[in-house]
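As provided, query-v1.csv (CSV, C-alpha atoms) reads as follows.
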chain,number,residue,atom,x,y,z
R,1,MET,CA,26.0,3.1,30.7
R,2,SER,CA,22.8,4.5,32.0
R,3,TYR,CA,23.3,7.7,30.0
R,4,MET,CA,23.1,5.6,26.8
R,5,ILE,CA,19.3,5.8,26.8
R,6,TYR,CA,19.4,9.6,26.4
R,7,TRP,CA,21.8,9.3,23.5
R,8,GLU,CA,19.6,6.6,21.9
R,9,LEU,CA,16.5,8.7,22.3
R,10,PHE,CA,18.2,11.7,20.8
R,11,TRP,CA,19.6,9.8,17.9
R,12,SER,CA,16.3,7.9,17.2
R,13,PHE,CA,14.5,11.2,17.0
R,14,VAL,CA,17.1,12.8,14.8
R,15,LYS,CA,16.3,10.0,12.3
R,16,VAL,CA,12.6,10.6,12.7
R,17,GLY,CA,13.1,14.4,12.2
R,18,ALA,CA,15.3,14.0,9.2
R,19,PHE,CA,13.0,11.8,7.3
R,20,CYS,CA,9.7,13.3,8.4
R,21,VAL,CA,8.4,14.9,5.2
R,22,GLY,CA,4.9,16.2,5.0
R,23,GLY,CA,4.0,17.5,8.5
R,24,GLY,CA,3.1,16.0,11.9
R,25,TYR,CA,1.1,13.0,10.8
R,26,ALA,CA,3.9,11.8,8.6
R,27,SER,CA,6.1,11.4,11.7
R,28,MET,CA,3.8,8.8,13.2
R,29,PRO,CA,4.9,5.7,11.2
R,30,LEU,CA,8.6,6.8,11.6
R,31,ILE,CA,8.2,7.1,15.4
R,32,GLN,CA,6.4,3.7,15.4
R,33,ALA,CA,9.3,2.1,13.5
R,34,GLN,CA,11.9,3.5,15.9
R,35,VAL,CA,10.1,3.3,19.2
R,36,ILE,CA,8.2,0.0,18.9
R,37,GLU,CA,9.9,-2.1,16.3
R,38,GLU,CA,13.5,-1.1,16.7
R,39,HIS,CA,13.9,-0.4,20.4
R,40,GLY,CA,10.8,-1.9,21.9
R,41,TRP,CA,10.5,1.1,24.2
R,42,LEU,CA,6.7,1.2,24.1
R,43,THR,CA,3.8,-1.2,23.3
R,44,MET,CA,1.4,-0.6,20.4
R,45,GLN,CA,-1.4,0.3,22.8
R,46,GLN,CA,0.8,3.0,24.5
R,47,PHE,CA,1.7,4.3,21.0
R,48,ILE,CA,-2.0,4.6,20.1
R,49,ASP,CA,-2.6,6.5,23.4
R,50,ILE,CA,0.2,8.9,22.4
R,51,PHE,CA,-1.4,9.5,19.1
R,52,THR,CA,-4.7,10.4,20.7
R,53,ILE,CA,-3.1,12.7,23.3
R,54,SER,CA,-1.0,14.4,20.7
R,55,GLN,CA,-4.1,15.2,18.8
R,56,MET,CA,-6.1,16.7,21.6
R,57,THR,CA,-3.4,18.6,23.4
R,58,PRO,CA,-2.0,22.0,22.2
R,59,GLY,CA,1.2,22.1,20.2
R,60,PRO,CA,2.5,20.5,17.0
R,61,ILE,CA,1.5,16.8,16.8
R,62,GLY,CA,5.0,15.6,16.1
R,63,ILE,CA,6.6,17.5,18.9
R,64,ASN,CA,3.9,16.3,21.3
R,65,ALA,CA,4.6,12.7,20.3
R,66,ALA,CA,8.3,13.1,20.8
R,67,THR,CA,7.9,14.6,24.2
R,68,PHE,CA,5.4,11.9,25.3
R,69,VAL,CA,7.7,9.1,24.1
R,70,GLY,CA,10.7,10.7,25.8
R,71,THR,CA,8.8,11.1,29.1
R,72,LYS,CA,7.6,7.5,29.1
R,73,VAL,CA,11.0,6.1,28.3
R,74,ALA,CA,13.3,8.2,30.4
R,75,GLY,CA,11.4,10.9,32.3
R,76,VAL,CA,11.7,14.7,31.7
R,77,PRO,CA,15.4,14.5,30.6
R,78,GLY,CA,14.3,11.9,28.0
R,79,ALA,CA,11.5,14.2,26.8
R,80,ILE,CA,14.1,17.0,26.2
R,81,CYS,CA,16.5,14.6,24.4
R,82,ALA,CA,13.7,13.3,22.1
R,83,THR,CA,12.3,16.7,21.3
R,84,VAL,CA,15.6,18.4,20.7
R,85,GLY,CA,16.7,15.4,18.5
R,86,PHE,CA,13.4,15.7,16.6
R,87,VAL,CA,13.9,19.4,15.6
R,88,PHE,CA,17.7,19.2,15.2
R,89,PRO,CA,17.7,18.2,11.4
R,90,SER,CA,15.0,20.9,10.8
R,91,VAL,CA,17.1,23.6,12.3
R,92,ILE,CA,20.1,22.8,10.1
R,93,ILE,CA,18.1,22.4,6.9
R,94,VAL,CA,15.7,25.3,7.4
R,95,LEU,CA,18.6,27.7,8.3
R,96,LEU,CA,20.5,26.6,5.3
R,97,LEU,CA,17.5,27.2,3.0
R,98,ALA,CA,16.6,30.5,4.6
R,99,HIS,CA,20.2,31.7,4.3
R,100,LEU,CA,20.4,30.7,0.6
R,101,PHE,CA,17.0,32.4,0.1
R,102,PHE,CA,18.2,35.7,1.6
R,103,LYS,CA,21.4,35.5,-0.4
R,104,TYR,CA,20.0,34.4,-3.8
R,105,GLY,CA,16.3,35.0,-3.4
R,106,ASP,CA,16.1,37.4,-6.3
R,107,ILE,CA,17.4,35.2,-9.1
R,108,GLY,CA,14.9,33.7,-11.5
R,109,PRO,CA,14.8,30.0,-10.7
R,110,VAL,CA,14.6,30.6,-6.9
R,111,ARG,CA,12.0,33.2,-7.4
R,112,GLY,CA,10.1,30.8,-9.6
R,113,VAL,CA,10.1,28.0,-7.0
R,114,LEU,CA,8.9,30.3,-4.3
R,115,ASN,CA,6.2,31.8,-6.6
R,116,GLY,CA,5.0,28.2,-7.0
R,117,LEU,CA,5.1,27.4,-3.3
R,118,ARG,CA,3.4,30.5,-2.0
R,119,PRO,CA,0.0,29.6,-3.6
R,120,ALA,CA,0.5,26.1,-2.3
R,121,VAL,CA,0.8,27.4,1.3
R,122,VAL,CA,-2.4,29.4,0.8
R,123,ALA,CA,-4.1,26.2,-0.4
R,124,LEU,CA,-2.9,24.3,2.7
R,125,ILE,CA,-4.1,27.0,5.0
R,126,CYS,CA,-7.5,26.9,3.3
R,127,SER,CA,-7.6,23.1,3.6
R,128,ALA,CA,-6.8,23.1,7.3
R,129,GLY,CA,-9.4,25.9,7.8
R,130,LEU,CA,-12.1,23.8,6.1
R,131,SER,CA,-11.3,20.7,8.3
R,132,PHE,CA,-11.5,23.0,11.3
R,133,VAL,CA,-14.9,24.4,10.4
R,134,PHE,CA,-16.3,20.9,10.2
R,135,LEU,CA,-14.5,20.0,13.5
R,136,ALA,CA,-15.9,23.1,15.2
R,137,LEU,CA,-19.5,22.7,14.0
R,138,TRP,CA,-19.9,18.9,13.6
R,139,ASN,CA,-17.0,17.4,15.5
R,140,THR,CA,-15.8,15.6,12.3
R,141,GLU,CA,-12.9,16.6,10.0
R,142,THR,CA,-14.7,15.5,6.8
R,143,LEU,CA,-18.1,16.3,5.4
R,144,PRO,CA,-20.6,15.4,8.2
R,145,LYS,CA,-23.0,12.6,7.5
R,146,ASP,CA,-25.9,14.3,9.4
R,147,PHE,CA,-25.8,18.1,9.1
R,148,THR,CA,-28.5,18.5,11.8
R,149,LYS,CA,-26.2,17.1,14.5
R,150,VAL,CA,-24.4,20.4,15.2
R,151,ASP,CA,-22.3,21.1,18.2
R,152,LEU,CA,-24.0,24.0,19.9
R,153,ILE,CA,-20.8,25.4,21.5
R,154,GLY,CA,-19.3,25.6,18.0
R,155,VAL,CA,-22.4,27.2,16.5
R,156,ILE,CA,-22.2,30.0,19.1
R,157,VAL,CA,-18.5,30.4,19.7
R,158,LEU,CA,-17.3,30.2,16.0
R,159,PRO,CA,-19.5,33.1,14.7
R,160,VAL,CA,-18.6,35.2,17.8
R,161,SER,CA,-14.9,34.5,17.2
R,162,VAL,CA,-15.2,35.4,13.5
R,163,TRP,CA,-16.8,38.7,14.4
R,164,CYS,CA,-14.1,39.5,17.0
R,165,ILE,CA,-11.2,38.7,14.6
R,166,ARG,CA,-12.9,40.8,11.9
R,167,HIS,CA,-13.0,43.6,14.4
R,168,LYS,CA,-9.3,43.3,15.0
R,169,MET,CA,-9.2,41.5,18.4
R,170,SER,CA,-5.8,40.3,19.3
R,171,VAL,CA,-5.1,36.7,18.5
R,172,ILE,CA,-4.2,35.7,22.0
R,173,LYS,CA,-7.1,37.5,23.6
R,174,LEU,CA,-9.4,35.8,21.1
R,175,LEU,CA,-8.1,32.3,22.0
R,176,CYS,CA,-8.5,33.0,25.7
R,177,MET,CA,-12.0,34.5,25.2
R,178,SER,CA,-13.2,31.6,23.0
R,179,GLY,CA,-11.9,29.0,25.6
R,180,VAL,CA,-13.7,30.7,28.4
R,181,LEU,CA,-16.9,31.1,26.4
R,182,GLY,CA,-16.8,27.4,25.5
R,183,LEU,CA,-16.4,26.5,29.1
R,184,LEU,CA,-19.2,28.8,30.3
R,185,LEU,CA,-21.7,27.5,27.6
R,186,GLY,CA,-20.8,23.9,28.6
R,187,VAL,CA,-21.2,24.6,32.3
R,188,ILE,CA,-24.7,26.1,31.8
R,189,GLY,CA,-25.6,23.1,29.8
R,190,ILE,CA,-25.5,24.2,26.2
R,191,ARG,CA,-23.5,21.7,24.2
Q,1,MET,CA,18.9,40.7,-1.3
Q,2,GLU,CA,18.9,43.5,1.3
Q,3,LEU,CA,17.2,42.5,4.5
Q,4,GLN,CA,15.2,45.2,6.1
Q,5,LYS,CA,16.2,45.5,9.8
Q,6,ILE,CA,13.3,45.3,12.2
Q,7,GLN,CA,13.0,48.3,14.6
Q,8,ASP,CA,11.5,47.0,17.7
Q,9,LYS,CA,13.5,47.0,20.9
Q,10,ASP,CA,11.3,44.4,22.6
Q,11,LEU,CA,11.6,42.1,19.5
Q,12,LEU,CA,13.0,39.0,21.1
Q,13,TRP,CA,10.6,39.2,24.1
Q,14,LYS,CA,7.6,39.8,21.9
Q,15,LEU,CA,8.7,37.0,19.6
Q,16,PHE,CA,9.0,34.6,22.6
Q,17,LYS,CA,5.8,35.6,24.3
Q,18,SER,CA,3.6,35.4,21.2
Q,19,THR,CA,5.1,32.2,19.9
Q,20,PHE,CA,4.9,30.6,23.3
Q,21,ILE,CA,1.3,31.4,23.9
Q,22,ILE,CA,0.2,30.4,20.3
Q,23,SER,CA,2.0,27.0,20.7
Q,24,ALA,CA,0.6,26.6,24.2
Q,25,PHE,CA,-3.0,27.0,23.2
Q,26,THR,CA,-3.2,25.7,19.6
Q,27,ILE,CA,-4.5,22.2,18.9
Q,28,GLY,CA,-3.9,20.6,15.6
Q,29,GLY,CA,-0.4,21.4,14.5
Q,30,GLY,CA,1.2,23.0,11.5
Q,31,PHE,CA,-1.3,24.8,9.3
Q,32,VAL,CA,-3.3,25.8,12.3
Q,33,ILE,CA,-0.3,27.4,14.0
Q,34,ILE,CA,1.0,29.2,10.9
Q,35,PRO,CA,-2.1,31.4,10.3
Q,36,LEU,CA,-2.0,32.4,14.0
Q,37,LEU,CA,1.7,33.3,13.7
Q,38,LYS,CA,0.9,35.2,10.5
Q,39,ALA,CA,-2.0,37.1,12.2
Q,40,LYS,CA,0.4,38.1,15.0
Q,41,PHE,CA,3.6,38.9,13.1
Q,42,VAL,CA,2.1,40.4,10.0
Q,43,ASP,CA,-1.2,41.9,11.0
Q,44,GLU,CA,-0.6,42.9,14.6
Q,45,TYR,CA,3.1,43.7,14.9
Q,46,GLN,CA,3.7,44.4,11.2
Q,47,TRP,CA,7.2,43.0,11.3
Q,48,MET,CA,6.9,41.8,7.7
Q,49,ASP,CA,4.4,41.7,4.9
Q,50,ASP,CA,2.2,38.9,3.6
Q,51,LYS,CA,4.5,37.9,0.8
Q,52,GLU,CA,7.6,37.6,2.9
Q,53,ALA,CA,5.8,35.6,5.6
Q,54,LEU,CA,4.5,33.2,2.9
Q,55,ASN,CA,7.9,32.9,1.4
Q,56,LEU,CA,9.4,31.9,4.8
Q,57,VAL,CA,6.6,29.4,5.4
Q,58,ALA,CA,7.2,28.0,1.9
Q,59,ILE,CA,10.9,27.5,2.9
Q,60,ALA,CA,9.8,25.8,6.2
Q,61,GLN,CA,7.4,23.6,4.2
Q,62,SER,CA,10.1,22.4,1.9
Q,63,ALA,CA,12.3,21.1,4.7
Q,64,PRO,CA,11.7,17.8,6.6
Q,65,GLY,CA,10.3,18.0,10.1
Q,66,VAL,CA,7.3,19.6,11.8
Q,67,VAL,CA,5.9,22.5,9.8
Q,68,ALA,CA,5.2,24.6,12.9
Q,69,ALA,CA,8.7,24.2,14.2
Q,70,ASN,CA,10.2,24.8,10.8
Q,71,ALA,CA,8.1,28.0,10.4
Q,72,ALA,CA,9.3,29.2,13.8
Q,73,ILE,CA,12.9,28.6,12.7
Q,74,SER,CA,12.6,30.5,9.4
Q,75,LEU,CA,10.5,33.3,10.8
Q,76,GLY,CA,12.8,33.7,13.8
Q,77,TYR,CA,15.8,33.7,11.6
Q,78,ARG,CA,14.3,36.5,9.4
Q,79,LEU,CA,13.4,38.6,12.5
Q,80,ALA,CA,16.6,38.3,14.5
Q,81,GLY,CA,19.1,35.9,13.0
Q,82,ILE,CA,20.2,32.8,14.8
Q,83,LYS,CA,19.1,34.4,18.1
Q,84,GLY,CA,15.6,34.8,16.7
Q,85,THR,CA,15.6,31.1,15.6
Q,86,LEU,CA,16.5,29.9,19.0
Q,87,VAL,CA,14.0,32.1,20.7
Q,88,ALA,CA,11.1,31.2,18.4
Q,89,LEU,CA,12.0,27.5,18.3
Q,90,GLY,CA,12.3,27.4,22.1
Q,91,ALA,CA,9.0,29.1,22.5
Q,92,THR,CA,7.4,26.6,20.1
Q,93,ILE,CA,8.7,23.4,21.8
Q,94,LEU,CA,8.6,24.5,25.4
Q,95,PRO,CA,4.8,24.5,25.9
Q,96,PRO,CA,4.3,20.9,24.6
Q,97,LEU,CA,7.3,19.8,26.6
Q,98,ILE,CA,5.8,21.2,29.8
Q,99,THR,CA,2.2,20.1,29.1
Q,100,LEU,CA,3.0,16.7,27.8
Q,101,SER,CA,5.4,15.9,30.6
Q,102,ILE,CA,2.6,16.6,33.1
Q,103,ILE,CA,-0.1,15.0,31.1
Q,104,SER,CA,1.8,11.8,30.5
Q,105,TYR,CA,1.7,11.3,34.3
Q,106,ALA,CA,-2.0,12.0,34.6
Q,107,TYR,CA,-3.4,11.0,31.2
Q,108,ASP,CA,-6.7,9.6,32.4
Q,109,ALA,CA,-7.6,12.5,34.6
Q,110,PHE,CA,-6.9,14.8,31.7
Q,111,ALA,CA,-8.7,12.9,28.9
Q,112,ASN,CA,-11.8,12.6,31.0
Q,113,ASN,CA,-12.0,16.0,32.5
Q,114,GLN,CA,-15.0,17.6,30.9
Q,115,TYR,CA,-14.0,21.2,31.9
Q,116,ILE,CA,-10.7,20.9,30.1
Q,117,GLN,CA,-12.5,19.4,27.1
Q,118,LEU,CA,-15.0,22.4,27.1
Q,119,LEU,CA,-12.1,24.9,27.3
Q,120,LEU,CA,-10.3,23.2,24.5
Q,121,LYS,CA,-13.5,23.0,22.4
Q,122,GLY,CA,-13.9,26.8,22.8
Q,123,MET,CA,-10.3,27.5,21.9
Q,124,GLN,CA,-10.6,25.3,18.8
Q,125,CYS,CA,-13.5,27.5,17.6
Q,126,GLY,CA,-11.4,30.6,18.2
Q,127,ALA,CA,-8.5,29.1,16.2
Q,128,THR,CA,-10.9,28.2,13.4
Q,129,ALA,CA,-12.0,31.8,13.2
Q,130,ILE,CA,-8.4,33.0,12.9
Q,131,ILE,CA,-7.6,30.5,10.2
Q,132,ILE,CA,-10.8,31.5,8.2
Q,133,ASN,CA,-9.8,35.1,8.5
Q,134,VAL,CA,-6.2,34.5,7.3
Q,135,ALA,CA,-7.4,32.2,4.5
Q,136,LEU,CA,-9.9,34.8,3.3
Q,137,ASP,CA,-7.4,37.6,3.3
Q,138,LEU,CA,-4.8,35.6,1.4
Q,139,LEU,CA,-7.4,34.4,-1.1
Q,140,LYS,CA,-8.7,37.9,-1.7
Q,141,LYS,CA,-5.2,39.1,-2.4
Q,142,GLU,CA,-4.4,36.3,-4.9
Q,143,TRP,CA,-7.8,36.9,-6.6
Q,144,LYS,CA,-7.1,40.6,-7.1
Q,145,LYS,CA,-3.9,39.8,-8.9
Q,146,LYS,CA,-5.9,38.0,-11.6
Q,147,LEU,CA,-3.0,35.7,-12.5
Q,148,ALA,CA,-4.3,32.4,-13.8
Q,149,LEU,CA,-1.5,30.0,-12.9
Q,150,PRO,CA,-1.2,30.8,-9.1
Q,151,LEU,CA,-4.9,30.6,-8.8
Q,152,LEU,CA,-4.8,27.2,-10.5
Q,153,ILE,CA,-2.1,26.1,-8.1
Q,154,ILE,CA,-4.3,27.1,-5.1
Q,155,VAL,CA,-7.3,25.2,-6.4
Q,156,GLY,CA,-5.3,22.2,-7.6
Q,157,THR,CA,-3.3,21.8,-4.3
Q,158,PHE,CA,-6.5,22.3,-2.3
Q,159,VAL,CA,-8.4,19.6,-4.1
Q,160,ALA,CA,-5.4,17.2,-4.1
Q,161,ASN,CA,-4.9,17.7,-0.4
Q,162,TYR,CA,-8.4,17.9,0.9
Q,163,PHE,CA,-10.3,15.5,-1.3
Q,164,PHE,CA,-7.7,13.1,-2.5
Q,165,HIS,CA,-5.4,13.1,0.6
Q,166,VAL,CA,-2.3,13.4,-1.6
Q,167,ASN,CA,0.9,13.4,0.5
Q,168,LEU,CA,1.7,17.0,1.1
Q,169,MET,CA,5.3,16.5,0.0
Q,170,TYR,CA,4.3,15.4,-3.5
Q,171,ALA,CA,2.0,18.3,-3.9
Q,172,VAL,CA,4.7,20.7,-2.8
Q,173,ILE,CA,7.3,19.2,-5.1
Q,174,VAL,CA,4.9,19.5,-8.1
Q,175,ASP,CA,4.1,23.1,-7.2
Q,176,ALA,CA,7.8,23.9,-6.9
Q,177,ILE,CA,8.5,22.4,-10.3
Q,178,ILE,CA,5.7,24.3,-11.9
Q,179,GLY,CA,7.1,27.5,-10.3
Q,180,PHE,CA,10.6,26.7,-11.4
Q,181,PHE,CA,9.6,26.4,-15.1
Q,182,LEU,CA,6.7,28.8,-15.4
Q,183,LEU,CA,6.6,31.4,-12.7
Q,184,ARG,CA,10.0,33.1,-13.0
Q,185,ASP,CA,8.6,36.3,-14.3
Q,186,LYS,CA,8.6,39.3,-11.9
Q,187,LYS,CA,4.9,39.8,-12.2
Q,188,TYR,CA,4.3,36.6,-10.2
Q,189,ALA,CA,6.5,37.8,-7.3
Turn the structure described in the file into structure tokens.
Amino acid sequence: MSYMIYWELFWSFVKVGAFCVGGGYASMPLIQAQVIEEHGWLTMQQFIDIFTISQMTPGPIGINAATFVGTKVAGVPGAICATVGFVFPSVIIVLLLAHLFFKYGDIGPVRGVLNGLRPAVVALICSAGLSFVFLALWNTETLPKDFTKVDLIGVIVLPVSVWCIRHKMSVIKLLCMSGVLGLLLGVIGIR
Amino acid sequence: MELQKIQDKDLLWKLFKSTFIISAFTIGGGFVIIPLLKAKFVDEYQWMDDKEALNLVAIAQSAPGVVAANAAISLGYRLAGIKGTLVALGATILPPLITLSIISYAYDAFANNQYIQLLLKGMQCGATAIIINVALDLLKKEWKKKLALPLLIIVGTFVANYFFHVNLMYAVIVDAIIGFFLLRDKKYA
């Protein structure tokens, strides 16, 4: 019977993954419903901790949350079950859509839908970009209340990074460089 | 539709390596990871063009689940079929699986370590620069086409999402419907 927990974790996160529409944050209430209310695996306080950690650690937020819940409930095997369960419905649906697209992509209605969605993706990238500029310079995702309270690391690292990417620095080199630069500035006391 | 085969013998290894590193070091999820993948696959490796990458992201966006994982699934499928999907998806979920497993045992030490915080802060600025760059490139291209309706969709979706916090799914459905009825013409492709 002890293996039941892995199956339950997997199945709970299949449900979260299947009904999670609208990105990482949308998965939070679904995870809450499964993990706290239905199974009582975690307390509300633990859940809030997960949310915080998921936001400040690298990786997609929803995946982070699934991994964290899985680890807390049933160790590393639990983490694997929860994460695989979470992406399982996506794999099926995305592959199906991608397959249909490659097969019928050139007919009018499908082309129309994609022509409508492509500008939407551009808008969403811009929207994330703007939130990130505020986050980098003022440590807030929305319009800062006090524009003079800038984060000095952001004020220095962001323009340097923009210059580097404009001069074709590789994405991965840039991420490493900006991390080290932030660390150095912080250590010598600029922040 | 004929799929152009990608000529790159290290394709799967490059796909794994770049996706793994981007997922390992990117804070903030979906629309932060996607510009980075686009910068890597389109601008650096030139495996596909802008439009194709955006189409694949649009497909990813219209399925349930995490956008970053969905994008890995669709981009991987385009590059190397099911094998590509498994490689890209594995490379997207492995880093959080590893880091989060470790962190969940040592949460306090991590959350309060100022050196880690400084490193993450710096990386966040780097990621911001890449997003700005990708966003500007894409906007410039759309602007040059001088087509009113796609530009209107960009502005409308941006305002709805950023200022009115409209659920992304509703915004995407509205845009898909507009496209279905009004954007079938080849000039919009």
If we count all atoms listed in the file and set the cut-off at 12 Å, which residues sit around Q:Leu11, ignoring sequence neighbours fewer than 6 positions away in its own chain? Please answer as an mmCIF file with C-alpha atoms, keeping the file's coordinate frame.
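What ended up in part-v8.cif:
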data_model
loop_
_atom_site.group_PDB
_atom_site.id
_atom_site.type_symbol
_atom_site.label_atom_id
_atom_site.label_comp_id
_atom_site.auth_asym_id
_atom_site.auth_seq_id
_atom_site.Cartn_x
_atom_site.Cartn_y
_atom_site.Cartn_z
ATOM 1 C CA LYS Q 5 16.200 45.500 9.800
ATOM 2 C CA LYS Q 17 5.800 35.600 24.300
ATOM 3 C CA SER Q 18 3.600 35.400 21.200
ATOM 4 C CA THR Q 19 5.100 32.200 19.900
ATOM 5 C CA PHE Q 41 3.600 38.900 13.100
ATOM 6 C CA TYR Q 45 3.100 43.700 14.900
ATOM 7 C CA GLN Q 46 3.700 44.400 11.200
ATOM 8 C CA TRP Q 47 7.200 43.000 11.300
ATOM 9 C CA GLY Q 76 12.800 33.700 13.800
ATOM 10 C CA ARG Q 78 14.300 36.500 9.400
ATOM 11 C CA LEU Q 79 13.400 38.600 12.500
ATOM 12 C CA ALA Q 80 16.600 38.300 14.500
ATOM 13 C CA GLY Q 81 19.100 35.900 13.000
ATOM 14 C CA LYS Q 83 19.100 34.400 18.100
ATOM 15 C CA GLY Q 84 15.600 34.800 16.700
ATOM 16 C CA VAL Q 87 14.000 32.100 20.700
ATOM 17 C CA ALA Q 88 11.100 31.200 18.400
#
6 Å contacts from chain Q to chain R using only C-alpha atoms, as a PyMOL selection string:
chain Q and resi 1+23-27+29+31+54+58+64-67+96-97+100+118-119+122-123+125-126+128-129+131-132+135+150+154+157-158+162+168-169+175-176+179-180+183-184
Between atom CA of R:Ala74 and atom CA of Q:Ala69, what distance in Å does the model show, to one decimal?
23.2 Å
Show me, as a VMD selection string, the residues that have an atom within 10 Å of Q:Asp50 when counting all atoms listed in the file, minus same-chain residues fewer than 3 positions from it.
chain Q and resid 38 to 39 41 to 43 46 53 to 55 137 to 138 141
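Taking all atoms listed in the file into account, Q:Leu89 lies nearest to Q:Leu15 out of the set Q:Ala171, Q:Ala106, Q:Val134, Q:Leu15.
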Quick check, in Å to one decimal: how far apart do atom CA of Q:Asn161 and atom CA of Q:Ile33 lie?
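These two atoms are separated by 18.0 Å.
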For R:Ile31, which residue among R:Ile48, R:Thr43, R:Ser12, R:Trp7 is the nearest when counting all atoms listed in the file?
R:Ser12
The distance between atom CA of Q:Ala72 and atom CA of Q:Thr85 is 6.8 Å
Compare Q:Leu139, Q:Ile34, Q:Ile93, Q:Tyr115 by their minimum atom-to-atom distance to R:Ala82, counting all atoms listed in the file, and give me the closest one.
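Ranked by minimum distance to R:Ala82, first place goes to Q:Ile93.
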Q:Ala71, Q:Leu151, Q:Ala109, Q:Ile130 ranked by distance to Q:Leu36, top pick (using all atoms listed in the file)
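Closest residue, counting all atoms listed in the file: Q:Ile130.
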Where atoms are lacking, stretch 45-58 of chain Q completed to N, CA, C and O atoms, as an mmCIF file, in the frame of the given file:
data_model
loop_
_atom_site.group_PDB
_atom_site.id
_atom_site.type_symbol
_atom_site.label_atom_id
_atom_site.label_comp_id
_atom_site.auth_asym_id
_atom_site.auth_seq_id
_atom_site.Cartn_x
_atom_site.Cartn_y
_atom_site.Cartn_z
ATOM 1 N N TYR Q 45 1.862 42.995 14.670
ATOM 2 C CA TYR Q 45 3.100 43.700 14.900
ATOM 3 C C TYR Q 45 3.699 44.342 13.646
ATOM 4 O O TYR Q 45 4.582 45.176 13.732
ATOM 5 N N GLN Q 46 3.207 43.914 12.462
ATOM 6 C CA GLN Q 46 3.700 44.400 11.200
ATOM 7 C C GLN Q 46 5.213 44.350 11.038
ATOM 8 O O GLN Q 46 5.866 45.280 10.578
ATOM 9 N N TRP Q 47 5.749 43.206 11.444
ATOM 10 C CA TRP Q 47 7.200 43.000 11.300
ATOM 11 C C TRP Q 47 7.569 42.660 9.873
ATOM 12 O O TRP Q 47 8.721 42.789 9.484
ATOM 13 N N MET Q 48 6.626 42.144 9.094
ATOM 14 C CA MET Q 48 6.900 41.800 7.700
ATOM 15 C C MET Q 48 5.595 41.835 6.933
ATOM 16 O O MET Q 48 4.534 41.959 7.547
ATOM 17 N N ASP Q 49 5.671 41.742 5.588
ATOM 18 C CA ASP Q 49 4.400 41.700 4.900
ATOM 19 C C ASP Q 49 3.994 40.295 4.535
ATOM 20 O O ASP Q 49 4.725 39.346 4.788
ATOM 21 N N ASP Q 50 2.763 40.189 4.004
ATOM 22 C CA ASP Q 50 2.200 38.900 3.600
ATOM 23 C C ASP Q 50 3.119 38.021 2.841
ATOM 24 O O ASP Q 50 3.324 36.853 3.120
ATOM 25 N N LYS Q 51 3.680 38.655 1.775
ATOM 26 C CA LYS Q 51 4.500 37.900 0.800
ATOM 27 C C LYS Q 51 5.698 37.285 1.469
ATOM 28 O O LYS Q 51 6.024 36.120 1.270
ATOM 29 N N GLU Q 52 6.352 38.097 2.271
ATOM 30 C CA GLU Q 52 7.600 37.600 2.900
ATOM 31 C C GLU Q 52 7.253 36.482 3.895
ATOM 32 O O GLU Q 52 7.966 35.469 3.933
ATOM 33 N N ALA Q 53 6.161 36.647 4.643
ATOM 34 C CA ALA Q 53 5.800 35.600 5.600
ATOM 35 C C ALA Q 53 5.499 34.290 4.839
ATOM 36 O O ALA Q 53 5.940 33.209 5.240
ATOM 37 N N LEU Q 54 4.795 34.396 3.697
ATOM 38 C CA LEU Q 54 4.500 33.200 2.900
ATOM 39 C C LEU Q 54 5.728 32.559 2.341
ATOM 40 O O LEU Q 54 5.856 31.337 2.277
ATOM 41 N N ASN Q 55 6.666 33.405 1.898
ATOM 42 C CA ASN Q 55 7.900 32.900 1.400
ATOM 43 C C ASN Q 55 8.632 32.047 2.481
ATOM 44 O O ASN Q 55 9.139 30.952 2.227
ATOM 45 N N LEU Q 56 8.671 32.596 3.706
ATOM 46 C CA LEU Q 56 9.400 31.900 4.800
ATOM 47 C C LEU Q 56 8.645 30.612 5.163
ATOM 48 O O LEU Q 56 9.286 29.607 5.465
ATOM 49 N N VAL Q 57 7.308 30.633 5.107
ATOM 50 C CA VAL Q 57 6.600 29.400 5.400
ATOM 51 C C VAL Q 57 6.823 28.376 4.277
ATOM 52 O O VAL Q 57 6.957 27.179 4.539
ATOM 53 N N ALA Q 58 6.931 28.870 3.036
ATOM 54 C CA ALA Q 58 7.200 28.000 1.900
ATOM 55 C C ALA Q 58 8.580 27.296 2.122
ATOM 56 O O ALA Q 58 8.747 26.101 1.857
#
